[in-house]
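Down below is the structure, laid out as C-alpha cells.
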Amino acid sequence: MKTPSSLAFLTESLRILPGIGPKSAQRIAYHLLQHDRAGAAQLSRALLQATEAIRHCAMCNTFTEHDICETCADPQRDASLLCVVETPTDQIMIEQTLTFKGLYFVLMGHLSPLDGVGPKDIHLEKLIARATDGVVSEVVLATNFTNEGEATAHYISETMKARGLKVSRLARGVPVGGELEYVDAGTIARAMLDRRAT
C-alpha cells in the first residue's frame, strides 16, 4: 500500500525533531491522525504561532516575543555579570537554581569546526559588543562540559580577557560530558556558586 503523500510529508517532517527516527516519526504521525486530530490541529497552530511570534532578544539573543526579553528588561538584575550559555534551555536551568542574579547571553550553539560552525555562527560579535558595553565586569562561561563546549569556553575566554574583562567558568560540579539541560538544579547551583577564574 502506498502511503498518501501528505502523510509521508508529515512523517518526514517529524524526523527533524531530536531523537525521532523513522519508526518513531511514523508512529507519531499515525497516532495523531488516528487518535488525536484535534491535538494535531492544536500542535499545528502552536508551531505556526511560535514561528511567527518568537524572535531573538536584541540584547541577550534568547527567545522572546518582544525586542528585549523579560530578563534583560528586569532592573533588579546585576548588569555587571554576564553569563554565557549555549541554549535557552541552559539559561532556564541556571535560572531554576535561583543562584545567579546577573544577565545572560545565549550563543544558540557552540563552536564545531568539523560541522562548519565558527565564531560568526554563535554570534560572537554580538557577544563582544554586549560584554564590552562598559557595564559588564565579569563574564561567566556556562557552556556545556563537552569537547565543543570546552573549546567554545576557551575561545570566548581568550577573546574576553584580551579586552580586559574578568572571566570565570562554572565549577566542576557539572559532570564532564554533561549537558546543563539534563543536570539537576542542585548540581548546577553548586557549580554556579563555585565558579572559578579561567
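Naming scheme: A, B, ... for chains in displayed order of the C-alpha cells; residues 1 onward per chain; ligands 1 onward as shown.
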Find the residues near Lys126 in chain A: any atom within 10 Å, counting only C-alpha atoms, skip ones fewer than 4 places away on the same chain, and give them as number ranges by chain. A: 58-61, 105, 107, 120, 122, 130-131
Could the residues of range 97-121 of chain A that have an atom at most 7 Å from range 65-82 of chain A be listed as a Markdown table, each with its closest atom pair and the distance in Å to one decimal, counting only C-alpha atoms and ordered by chain and ascending residue number?
| residue | atom | partner | partner_atom | distance |
| --- | --- | --- | --- | --- |
| A:Lys101 | CA | A:Arg77 | CA | 5.4 |
| A:Gly102 | CA | A:Asp78 | CA | 4.3 |
| A:Leu103 | CA | A:Leu82 | CA | 4.9 |
| A:Tyr104 | CA | A:Leu82 | CA | 5.2 |
| A:Phe105 | CA | A:Leu82 | CA | 6.8 |
Those same residues, written as a PDB file, in the first residue's frame with C-alpha atoms?
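The resulting file, out28.pdb, is shown below:
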ATOM      1  CA  LYS A 101      21.153  37.326  39.510  1.00  0.00           C
ATOM      2  CA  GLY A 102      23.055  38.689  36.516  1.00  0.00           C
ATOM      3  CA  LEU A 103      22.180  38.804  32.837  1.00  0.00           C
ATOM      4  CA  TYR A 104      22.725  36.278  30.053  1.00  0.00           C
ATOM      5  CA  PHE A 105      23.969  35.848  26.525  1.00  0.00           C
TER       6      PHE A 105
END
Filtered DSSP result for chain A, state strand (DSSP E), as a list in words: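 After running DSSP on the backbone, chain A has strand (DSSP E) at Arg55, His56, Phe63, Thr64, Asp78, Ala79, Ser80, Leu81, Leu82, Cys83, Val84, Val85, Gly102, Leu103, Tyr104, Phe105, Val106, Glu138, Val139, Val140, Leu141, Lys166, Val167, Ser168, Arg169, Arg196 and Ala197 of chain A.
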Top pick for closest residue to Arg15 in chain A, considering A:Ala46, A:Ala38, A:Ile54, A:Ile28 and counting only C-alpha atoms: A:Ile28
For Ala151 in chain A, which residue out of A:Ser112, A:Ser44, A:Thr87, A:Thr187 is the nearest one, using only C-alpha atoms?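 Using only C-alpha atoms, Ala151 in chain A sits closest to A:Ser112.
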Can you measure CA of Val183 in chain A to CA of Met93 in chain A for me? One decimal in Å is fine.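 According to the coordinates, CA of Val183 in chain A and CA of Met93 in chain A are separated by 8.2 Å.
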Report the distance between CA of Gly134 in chain A and CA of Leu165 in chain A in Å, rounded to one decimal place.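 Computing the Euclidean distance for CA of Gly134 in chain A and CA of Leu165 in chain A yields 10.1 Å.
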